[in-house]
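Structure first, commentary second.
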Amino acid sequence: MTKKSVTEQYPDVQPALPPRSRGVIGLFEENCTVCMLCARECPDWCIYIDSHKETVPAATPGGRERSRNVLDRFAIDFSLCMYCGICIEVCPFDALFWSPEFEYAETDIRDLTHERDKLREWMWTVPAPPALDPGAEEPKEIAAARKTAEKLAAARTEPTEAPADPQEGES
């Protein structure tokens with residue numbers, strides 16, 4: 001209260017946003033498996049997904065063909081979205097991320113439905129995740145893998161000593 005208030009001259013001076021701020025939702029299309037969890041969990045039903053099934057040939061001779069979903073349309077209507085982030089939280093394959101972009105205003109409300117091309121563009125503005133705390137405990141999975149790797153490396157470097165006489169160890 002003792003400081004004088006200063007007005008930011010927004011169009012000329014870009015605001016300093018806090019890290020990991022919520023702007024729009026970016027889509028990393030390669031990770032999307034069209035599981036539809038984001039669309040089902042959205043309380044506003046503002047995510048539109050269309051897909052089709054595609055047959056993938058067998059990987060080995062005599063194997064069976066597989067089918068997989070192929071994404072045809074992924075759109076978010078930001079005029080309906082309440083920016084709750086549920087879609088990002090429920091995505092099991094990390095296909096949706098918060099982007100700090102906030103300049104996407106339109107003159108017509110119908111233009112606020114952004115298709116996957118625009119959502120993909122926003123993906124490149126997503127900041128890298130914060131670094132892990134250096135004092136944090138190492139995850140159990142990584143610790144177990146590291147110990148196993150150290151044991152294997154130690155076993156390879158140790159020369160194996162075999163007794164010269166097979167009856168030497170017997171008394």
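Just remember, in the structure tokens the first chain shown is A, the second B, etc., residues are 1-based per chain, and ligands are 1-based in the order shown.
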Neighbours of Ser67 of chain A within 8 Å (only C-alpha atoms; same-chain residues fewer than 4 positions away dropped), as a PyMOL selection string?
chain A and resi 53-56
Kindly export the residues of the current selection with all heavy atoms, as a PDB file, in the first residue's frame.
```
ATOM      1  N   LYS A  53     -11.305 -46.434 -36.928  1.00  0.00           N
ATOM      2  CA  LYS A  53     -10.426 -47.574 -36.657  1.00  0.00           C
ATOM      3  C   LYS A  53      -9.648 -47.912 -37.919  1.00  0.00           C
ATOM      4  O   LYS A  53     -10.158 -47.859 -39.020  1.00  0.00           O
ATOM      5  CB  LYS A  53     -11.245 -48.779 -36.212  1.00  0.00           C
ATOM      6  CG  LYS A  53     -11.829 -48.613 -34.840  1.00  0.00           C
ATOM      7  CD  LYS A  53     -11.922 -49.958 -34.153  1.00  0.00           C
ATOM      8  CE  LYS A  53     -12.553 -49.817 -32.803  1.00  0.00           C
ATOM      9  NZ  LYS A  53     -11.615 -49.526 -31.773  1.00  0.00           N
ATOM     10  N   GLU A  54      -8.401 -48.262 -37.705  1.00  0.00           N
ATOM     11  CA  GLU A  54      -7.514 -48.635 -38.797  1.00  0.00           C
ATOM     12  C   GLU A  54      -6.884 -49.974 -38.449  1.00  0.00           C
ATOM     13  O   GLU A  54      -6.485 -50.202 -37.317  1.00  0.00           O
ATOM     14  CB  GLU A  54      -6.441 -47.553 -38.939  1.00  0.00           C
ATOM     15  CG  GLU A  54      -5.550 -47.702 -40.112  1.00  0.00           C
ATOM     16  CD  GLU A  54      -4.587 -46.524 -40.202  1.00  0.00           C
ATOM     17  OE1 GLU A  54      -3.505 -46.608 -39.580  1.00  0.00           O
ATOM     18  OE2 GLU A  54      -4.919 -45.535 -40.861  1.00  0.00           O
ATOM     19  N   THR A  55      -6.786 -50.854 -39.431  1.00  0.00           N
ATOM     20  CA  THR A  55      -6.193 -52.174 -39.209  1.00  0.00           C
ATOM     21  C   THR A  55      -4.687 -52.097 -39.427  1.00  0.00           C
ATOM     22  O   THR A  55      -4.222 -51.611 -40.446  1.00  0.00           O
ATOM     23  CB  THR A  55      -6.812 -53.206 -40.155  1.00  0.00           C
ATOM     24  OG1 THR A  55      -8.225 -53.207 -39.962  1.00  0.00           O
ATOM     25  CG2 THR A  55      -6.271 -54.590 -39.878  1.00  0.00           C
ATOM     26  N   VAL A  56      -3.949 -52.593 -38.448  1.00  0.00           N
ATOM     27  CA  VAL A  56      -2.491 -52.635 -38.525  1.00  0.00           C
ATOM     28  C   VAL A  56      -2.101 -54.071 -38.837  1.00  0.00           C
ATOM     29  O   VAL A  56      -2.545 -55.003 -38.159  1.00  0.00           O
ATOM     30  CB  VAL A  56      -1.862 -52.178 -37.194  1.00  0.00           C
ATOM     31  CG1 VAL A  56      -0.362 -52.240 -37.256  1.00  0.00           C
ATOM     32  CG2 VAL A  56      -2.338 -50.786 -36.834  1.00  0.00           C
TER      33      VAL A  56
END
```
Can you tell me, as a PDB file with N, CA, C and O atoms, in the first residue's frame, which residues in chain A count as helix (DSSP H, G or I) by DSSP?
```
ATOM      1  N   GLU A  29      -0.360 -34.308 -30.276  1.00  0.00           N
ATOM      2  CA  GLU A  29      -1.161 -35.263 -31.036  1.00  0.00           C
ATOM      3  C   GLU A  29      -0.552 -36.663 -31.091  1.00  0.00           C
ATOM      4  O   GLU A  29      -1.269 -37.664 -31.131  1.00  0.00           O
ATOM      5  N   GLU A  30       0.759 -36.772 -31.077  1.00  0.00           N
ATOM      6  CA  GLU A  30       1.415 -38.063 -31.165  1.00  0.00           C
ATOM      7  C   GLU A  30       1.094 -38.948 -29.962  1.00  0.00           C
ATOM      8  O   GLU A  30       1.130 -40.167 -30.059  1.00  0.00           O
ATOM      9  N   ASN A  31       0.808 -38.342 -28.812  1.00  0.00           N
ATOM     10  CA  ASN A  31       0.506 -39.117 -27.611  1.00  0.00           C
ATOM     11  C   ASN A  31      -0.969 -39.474 -27.479  1.00  0.00           C
ATOM     12  O   ASN A  31      -1.327 -40.276 -26.628  1.00  0.00           O
ATOM     13  N   LEU A  37     -11.169 -40.124 -22.754  1.00  0.00           N
ATOM     14  CA  LEU A  37     -11.311 -39.797 -21.335  1.00  0.00           C
ATOM     15  C   LEU A  37     -11.487 -38.298 -21.120  1.00  0.00           C
ATOM     16  O   LEU A  37     -12.292 -37.881 -20.295  1.00  0.00           O
ATOM     17  N   CYS A  38     -10.755 -37.485 -21.861  1.00  0.00           N
ATOM     18  CA  CYS A  38     -10.844 -36.042 -21.678  1.00  0.00           C
ATOM     19  C   CYS A  38     -12.245 -35.539 -22.031  1.00  0.00           C
ATOM     20  O   CYS A  38     -12.820 -34.724 -21.315  1.00  0.00           O
ATOM     21  N   ALA A  39     -12.816 -36.043 -23.118  1.00  0.00           N
ATOM     22  CA  ALA A  39     -14.146 -35.605 -23.536  1.00  0.00           C
ATOM     23  C   ALA A  39     -15.221 -36.098 -22.569  1.00  0.00           C
ATOM     24  O   ALA A  39     -16.178 -35.377 -22.283  1.00  0.00           O
ATOM     25  N   ARG A  40     -15.056 -37.306 -22.036  1.00  0.00           N
ATOM     26  CA  ARG A  40     -16.060 -37.843 -21.108  1.00  0.00           C
ATOM     27  C   ARG A  40     -16.027 -37.143 -19.761  1.00  0.00           C
ATOM     28  O   ARG A  40     -17.062 -36.974 -19.121  1.00  0.00           O
ATOM     29  N   GLU A  41     -14.838 -36.764 -19.312  1.00  0.00           N
ATOM     30  CA  GLU A  41     -14.715 -36.152 -17.988  1.00  0.00           C
ATOM     31  C   GLU A  41     -14.951 -34.649 -17.989  1.00  0.00           C
ATOM     32  O   GLU A  41     -15.098 -34.058 -16.926  1.00  0.00           O
ATOM     33  N   ILE A  86      -9.471 -30.503 -15.805  1.00  0.00           N
ATOM     34  CA  ILE A  86      -9.791 -31.916 -15.587  1.00  0.00           C
ATOM     35  C   ILE A  86      -9.315 -32.749 -16.769  1.00  0.00           C
ATOM     36  O   ILE A  86      -8.781 -33.845 -16.591  1.00  0.00           O
ATOM     37  N   CYS A  87      -9.485 -32.238 -17.974  1.00  0.00           N
ATOM     38  CA  CYS A  87      -9.068 -32.987 -19.163  1.00  0.00           C
ATOM     39  C   CYS A  87      -7.571 -33.269 -19.143  1.00  0.00           C
ATOM     40  O   CYS A  87      -7.127 -34.350 -19.523  1.00  0.00           O
ATOM     41  N   ILE A  88      -6.790 -32.334 -18.669  1.00  0.00           N
ATOM     42  CA  ILE A  88      -5.345 -32.505 -18.604  1.00  0.00           C
ATOM     43  C   ILE A  88      -4.979 -33.525 -17.524  1.00  0.00           C
ATOM     44  O   ILE A  88      -4.101 -34.358 -17.712  1.00  0.00           O
ATOM     45  N   GLU A  89      -5.690 -33.478 -16.411  1.00  0.00           N
ATOM     46  CA  GLU A  89      -5.406 -34.394 -15.305  1.00  0.00           C
ATOM     47  C   GLU A  89      -5.757 -35.833 -15.632  1.00  0.00           C
ATOM     48  O   GLU A  89      -5.057 -36.753 -15.220  1.00  0.00           O
ATOM     49  N   VAL A  90      -6.861 -36.060 -16.378  1.00  0.00           N
ATOM     50  CA  VAL A  90      -7.299 -37.436 -16.625  1.00  0.00           C
ATOM     51  C   VAL A  90      -6.615 -38.070 -17.822  1.00  0.00           C
ATOM     52  O   VAL A  90      -6.715 -39.280 -18.005  1.00  0.00           O
ATOM     53  N   ILE A 109     -17.906 -15.310 -31.522  1.00  0.00           N
ATOM     54  CA  ILE A 109     -17.818 -16.400 -30.547  1.00  0.00           C
ATOM     55  C   ILE A 109     -17.691 -17.763 -31.219  1.00  0.00           C
ATOM     56  O   ILE A 109     -17.123 -18.694 -30.663  1.00  0.00           O
ATOM     57  N   ARG A 110     -18.176 -17.898 -32.446  1.00  0.00           N
ATOM     58  CA  ARG A 110     -18.086 -19.177 -33.154  1.00  0.00           C
ATOM     59  C   ARG A 110     -16.657 -19.499 -33.566  1.00  0.00           C
ATOM     60  O   ARG A 110     -16.344 -20.647 -33.857  1.00  0.00           O
ATOM     61  N   ASP A 111     -15.790 -18.507 -33.563  1.00  0.00           N
ATOM     62  CA  ASP A 111     -14.391 -18.724 -33.930  1.00  0.00           C
ATOM     63  C   ASP A 111     -13.529 -19.196 -32.755  1.00  0.00           C
ATOM     64  O   ASP A 111     -12.333 -19.402 -32.912  1.00  0.00           O
ATOM     65  N   LEU A 112     -14.136 -19.348 -31.574  1.00  0.00           N
ATOM     66  CA  LEU A 112     -13.391 -19.802 -30.405  1.00  0.00           C
ATOM     67  C   LEU A 112     -13.294 -21.325 -30.313  1.00  0.00           C
ATOM     68  O   LEU A 112     -12.721 -21.855 -29.366  1.00  0.00           O
ATOM     69  N   ARG A 116      -7.437 -29.136 -34.050  1.00  0.00           N
ATOM     70  CA  ARG A 116      -6.174 -29.720 -33.602  1.00  0.00           C
ATOM     71  C   ARG A 116      -4.946 -29.026 -34.176  1.00  0.00           C
ATOM     72  O   ARG A 116      -3.887 -29.046 -33.550  1.00  0.00           O
ATOM     73  N   ASP A 117      -5.043 -28.400 -35.335  1.00  0.00           N
ATOM     74  CA  ASP A 117      -3.888 -27.683 -35.883  1.00  0.00           C
ATOM     75  C   ASP A 117      -3.487 -26.521 -34.985  1.00  0.00           C
ATOM     76  O   ASP A 117      -2.310 -26.310 -34.694  1.00  0.00           O
ATOM     77  N   LYS A 118      -4.478 -25.761 -34.535  1.00  0.00           N
ATOM     78  CA  LYS A 118      -4.204 -24.626 -33.645  1.00  0.00           C
ATOM     79  C   LYS A 118      -3.743 -25.124 -32.272  1.00  0.00           C
ATOM     80  O   LYS A 118      -2.818 -24.561 -31.675  1.00  0.00           O
ATOM     81  N   LEU A 119      -4.357 -26.194 -31.794  1.00  0.00           N
ATOM     82  CA  LEU A 119      -3.955 -26.752 -30.494  1.00  0.00           C
ATOM     83  C   LEU A 119      -2.526 -27.284 -30.548  1.00  0.00           C
ATOM     84  O   LEU A 119      -1.793 -27.213 -29.570  1.00  0.00           O
ATOM     85  N   ARG A 120      -2.124 -27.816 -31.699  1.00  0.00           N
ATOM     86  CA  ARG A 120      -0.749 -28.298 -31.885  1.00  0.00           C
ATOM     87  C   ARG A 120       0.232 -27.133 -31.875  1.00  0.00           C
ATOM     88  O   ARG A 120       1.327 -27.234 -31.324  1.00  0.00           O
ATOM     89  N   GLU A 121      -0.148 -26.004 -32.480  1.00  0.00           N
ATOM     90  CA  GLU A 121       0.725 -24.821 -32.468  1.00  0.00           C
ATOM     91  C   GLU A 121       0.982 -24.353 -31.042  1.00  0.00           C
ATOM     92  O   GLU A 121       2.091 -23.949 -30.708  1.00  0.00           O
ATOM     93  N   TRP A 122      -0.035 -24.392 -30.195  1.00  0.00           N
ATOM     94  CA  TRP A 122       0.127 -23.949 -28.815  1.00  0.00           C
ATOM     95  C   TRP A 122       0.990 -24.907 -28.019  1.00  0.00           C
ATOM     96  O   TRP A 122       1.550 -24.532 -26.994  1.00  0.00           O
ATOM     97  N   MET A 123       1.112 -26.123 -28.469  1.00  0.00           N
ATOM     98  CA  MET A 123       1.936 -27.108 -27.746  1.00  0.00           C
ATOM     99  C   MET A 123       3.386 -26.653 -27.668  1.00  0.00           C
ATOM    100  O   MET A 123       4.080 -26.933 -26.693  1.00  0.00           O
ATOM    101  N   LYS A 140      11.804 -45.255  -6.105  1.00  0.00           N
ATOM    102  CA  LYS A 140      12.165 -46.650  -5.817  1.00  0.00           C
ATOM    103  C   LYS A 140      12.514 -47.417  -7.086  1.00  0.00           C
ATOM    104  O   LYS A 140      13.430 -48.238  -7.084  1.00  0.00           O
ATOM    105  N   GLU A 141      11.775 -47.158  -8.153  1.00  0.00           N
ATOM    106  CA  GLU A 141      12.008 -47.881  -9.401  1.00  0.00           C
ATOM    107  C   GLU A 141      13.399 -47.580  -9.956  1.00  0.00           C
ATOM    108  O   GLU A 141      14.115 -48.474 -10.410  1.00  0.00           O
ATOM    109  N   ILE A 142      13.779 -46.310  -9.916  1.00  0.00           N
ATOM    110  CA  ILE A 142      15.084 -45.913 -10.437  1.00  0.00           C
ATOM    111  C   ILE A 142      16.195 -46.455  -9.536  1.00  0.00           C
ATOM    112  O   ILE A 142      17.227 -46.925 -10.016  1.00  0.00           O
ATOM    113  N   ALA A 143      15.974 -46.409  -8.224  1.00  0.00           N
ATOM    114  CA  ALA A 143      16.989 -46.931  -7.294  1.00  0.00           C
ATOM    115  C   ALA A 143      17.194 -48.427  -7.506  1.00  0.00           C
ATOM    116  O   ALA A 143      18.338 -48.908  -7.529  1.00  0.00           O
ATOM    117  N   ALA A 144      16.106 -49.174  -7.683  1.00  0.00           N
ATOM    118  CA  ALA A 144      16.223 -50.625  -7.893  1.00  0.00           C
ATOM    119  C   ALA A 144      16.936 -50.921  -9.210  1.00  0.00           C
ATOM    120  O   ALA A 144      17.794 -51.802  -9.275  1.00  0.00           O
ATOM    121  N   ALA A 145      16.610 -50.172 -10.260  1.00  0.00           N
ATOM    122  CA  ALA A 145      17.259 -50.385 -11.557  1.00  0.00           C
ATOM    123  C   ALA A 145      18.746 -50.042 -11.480  1.00  0.00           C
ATOM    124  O   ALA A 145      19.589 -50.745 -12.048  1.00  0.00           O
ATOM    125  N   ARG A 146      19.084 -48.976 -10.761  1.00  0.00           N
ATOM    126  CA  ARG A 146      20.479 -48.579 -10.626  1.00  0.00           C
ATOM    127  C   ARG A 146      21.274 -49.633  -9.857  1.00  0.00           C
ATOM    128  O   ARG A 146      22.381 -49.993 -10.250  1.00  0.00           O
ATOM    129  N   LYS A 147      20.696 -50.170  -8.771  1.00  0.00           N
ATOM    130  CA  LYS A 147      21.389 -51.201  -7.985  1.00  0.00           C
ATOM    131  C   LYS A 147      21.623 -52.454  -8.813  1.00  0.00           C
ATOM    132  O   LYS A 147      22.691 -53.068  -8.750  1.00  0.00           O
ATOM    133  N   THR A 148      20.630 -52.852  -9.597  1.00  0.00           N
ATOM    134  CA  THR A 148      20.774 -54.027 -10.463  1.00  0.00           C
ATOM    135  C   THR A 148      21.865 -53.800 -11.494  1.00  0.00           C
ATOM    136  O   THR A 148      22.696 -54.683 -11.744  1.00  0.00           O
ATOM    137  N   ALA A 149      21.902 -52.613 -12.079  1.00  0.00           N
ATOM    138  CA  ALA A 149      22.922 -52.294 -13.082  1.00  0.00           C
ATOM    139  C   ALA A 149      24.314 -52.294 -12.447  1.00  0.00           C
ATOM    140  O   ALA A 149      25.282 -52.763 -13.051  1.00  0.00           O
ATOM    141  N   GLU A 150      24.426 -51.777 -11.212  1.00  0.00           N
ATOM    142  CA  GLU A 150      25.714 -51.765 -10.521  1.00  0.00           C
ATOM    143  C   GLU A 150      26.181 -53.180 -10.212  1.00  0.00           C
ATOM    144  O   GLU A 150      27.367 -53.495 -10.343  1.00  0.00           O
ATOM    145  N   LYS A 151      25.252 -54.066  -9.811  1.00  0.00           N
ATOM    146  CA  LYS A 151      25.618 -55.462  -9.531  1.00  0.00           C
ATOM    147  C   LYS A 151      26.094 -56.159 -10.801  1.00  0.00           C
ATOM    148  O   LYS A 151      27.076 -56.901 -10.776  1.00  0.00           O
ATOM    149  N   LEU A 152      25.409 -55.934 -11.900  1.00  0.00           N
ATOM    150  CA  LEU A 152      25.819 -56.548 -13.164  1.00  0.00           C
ATOM    151  C   LEU A 152      27.182 -56.035 -13.608  1.00  0.00           C
ATOM    152  O   LEU A 152      28.022 -56.804 -14.077  1.00  0.00           O
ATOM    153  N   ALA A 153      27.420 -54.744 -13.448  1.00  0.00           N
ATOM    154  CA  ALA A 153      28.709 -54.168 -13.834  1.00  0.00           C
ATOM    155  C   ALA A 153      29.822 -54.714 -12.941  1.00  0.00           C
ATOM    156  O   ALA A 153      30.923 -55.009 -13.413  1.00  0.00           O
ATOM    157  N   ALA A 154      29.537 -54.859 -11.653  1.00  0.00           N
ATOM    158  CA  ALA A 154      30.536 -55.399 -10.734  1.00  0.00           C
ATOM    159  C   ALA A 154      30.828 -56.866 -11.054  1.00  0.00           C
ATOM    160  O   ALA A 154      31.971 -57.320 -10.970  1.00  0.00           O
ATOM    161  N   ALA A 155      29.822 -57.621 -11.413  1.00  0.00           N
ATOM    162  CA  ALA A 155      30.013 -59.038 -11.743  1.00  0.00           C
ATOM    163  C   ALA A 155      30.847 -59.200 -13.011  1.00  0.00           C
ATOM    164  O   ALA A 155      31.620 -60.146 -13.134  1.00  0.00           O
ATOM    165  N   ARG A 156      30.725 -58.283 -13.935  1.00  0.00           N
ATOM    166  CA  ARG A 156      31.500 -58.359 -15.183  1.00  0.00           C
ATOM    167  C   ARG A 156      32.959 -57.997 -14.969  1.00  0.00           C
ATOM    168  O   ARG A 156      33.847 -58.522 -15.639  1.00  0.00           O
ATOM    169  N   THR A 157      33.234 -57.089 -14.038  1.00  0.00           N
ATOM    170  CA  THR A 157      34.612 -56.636 -13.835  1.00  0.00           C
ATOM    171  C   THR A 157      35.397 -57.555 -12.909  1.00  0.00           C
ATOM    172  O   THR A 157      36.620 -57.583 -12.977  1.00  0.00           O
TER     173      THR A 157
END
```
Correct to one decimal, the distance atom CA of Ile47 of chain A-atom CA of Phe74 of chain A is 7.3 Å
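Counting only C-alpha atoms, the residue from A:Glu138, A:Glu115, A:Glu158, A:Asp94 that sits nearest to Asp50 of chain A is A:Glu115.
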Which residues are close to segment 12-16 of chain A, i.e. within 12 Å by only C-alpha atoms, leaving aside same-chain residues fewer than 2 positions away? Reply as a short mmCIF file (atom, residue, chain, number, x, y, z; two decimals) with N, CA, C and O atoms, in the first residue's frame.
```
data_model
loop_
_atom_site.label_atom_id
_atom_site.label_comp_id
_atom_site.auth_asym_id
_atom_site.auth_seq_id
_atom_site.Cartn_x
_atom_site.Cartn_y
_atom_site.Cartn_z
N THR A 7 0.44 1.40 -13.97
CA THR A 7 -0.39 0.76 -14.98
C THR A 7 0.51 0.14 -16.04
O THR A 7 1.39 0.79 -16.57
N GLU A 8 0.28 -1.15 -16.31
CA GLU A 8 1.03 -1.83 -17.36
C GLU A 8 0.45 -1.42 -18.71
O GLU A 8 -0.75 -1.45 -18.90
N GLN A 9 1.30 -1.06 -19.63
CA GLN A 9 0.87 -0.68 -20.98
C GLN A 9 0.84 -1.95 -21.82
O GLN A 9 1.74 -2.21 -22.60
N TYR A 10 -0.25 -2.75 -21.67
CA TYR A 10 -0.29 -4.11 -22.18
C TYR A 10 0.07 -4.32 -23.64
O TYR A 10 0.96 -5.10 -23.91
N PRO A 18 3.54 -15.68 -14.44
CA PRO A 18 4.19 -16.64 -13.55
C PRO A 18 4.45 -17.95 -14.30
O PRO A 18 3.74 -18.27 -15.25
N PRO A 19 5.46 -18.70 -13.88
CA PRO A 19 5.73 -19.97 -14.57
C PRO A 19 4.54 -20.91 -14.42
O PRO A 19 3.85 -20.90 -13.40
N ARG A 20 4.32 -21.71 -15.44
CA ARG A 20 3.24 -22.71 -15.47
C ARG A 20 1.85 -22.08 -15.35
O ARG A 20 0.93 -22.67 -14.80
N SER A 21 1.67 -20.85 -15.85
CA SER A 21 0.36 -20.22 -15.79
C SER A 21 -0.58 -20.86 -16.80
O SER A 21 -0.16 -21.41 -17.81
N PRO A 100 0.89 -21.16 -21.81
CA PRO A 100 0.69 -19.82 -21.24
C PRO A 100 0.10 -18.82 -22.23
O PRO A 100 -0.11 -17.66 -21.87
N GLU A 101 -0.19 -19.24 -23.45
CA GLU A 101 -0.78 -18.33 -24.43
C GLU A 101 -2.13 -17.83 -23.94
O GLU A 101 -2.97 -18.61 -23.49
N PHE A 102 -2.34 -16.54 -24.01
CA PHE A 102 -3.61 -15.98 -23.58
C PHE A 102 -4.20 -15.02 -24.61
O PHE A 102 -5.31 -14.54 -24.45
N GLU A 103 -3.49 -14.77 -25.68
CA GLU A 103 -3.96 -13.84 -26.71
C GLU A 103 -4.61 -14.62 -27.84
O GLU A 103 -4.03 -14.84 -28.88
#
```
If we count only C-alpha atoms and set the cut-off at 7 Å, which residues sit around Leu71 of chain A, ignoring sequence neighbours fewer than 5 positions away in its own chain? Please answer as a PDB file with N, CA and C atoms, in the first residue's frame.
```pdb
ATOM      1  N   VAL A  34      -6.890 -41.540 -28.603  1.00  0.00           N
ATOM      2  CA  VAL A  34      -8.331 -41.405 -28.802  1.00  0.00           C
ATOM      3  C   VAL A  34      -9.082 -42.266 -27.780  1.00  0.00           C
ATOM      4  N   ASP A  50     -13.331 -36.919 -33.004  1.00  0.00           N
ATOM      5  CA  ASP A  50     -13.790 -37.879 -34.007  1.00  0.00           C
ATOM      6  C   ASP A  50     -12.607 -38.765 -34.363  1.00  0.00           C
ATOM      7  N   SER A  51     -12.886 -40.053 -34.599  1.00  0.00           N
ATOM      8  CA  SER A  51     -11.815 -40.974 -34.955  1.00  0.00           C
ATOM      9  C   SER A  51     -12.381 -42.096 -35.813  1.00  0.00           C
ATOM     10  N   HIS A  52     -11.493 -42.883 -36.346  1.00  0.00           N
ATOM     11  CA  HIS A  52     -11.879 -44.094 -37.063  1.00  0.00           C
ATOM     12  C   HIS A  52     -10.885 -45.194 -36.720  1.00  0.00           C
TER      13      HIS A  52
END
```
From the list A:Gly26, A:Gly62, A:Pro11, A:Pro57, the nearest residue to Pro127 of chain A using only C-alpha atoms is A:Gly26
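Straight-line separation from atom CA of Ala59 of chain A to atom CA of Met36 of chain A: 26.5 Å.
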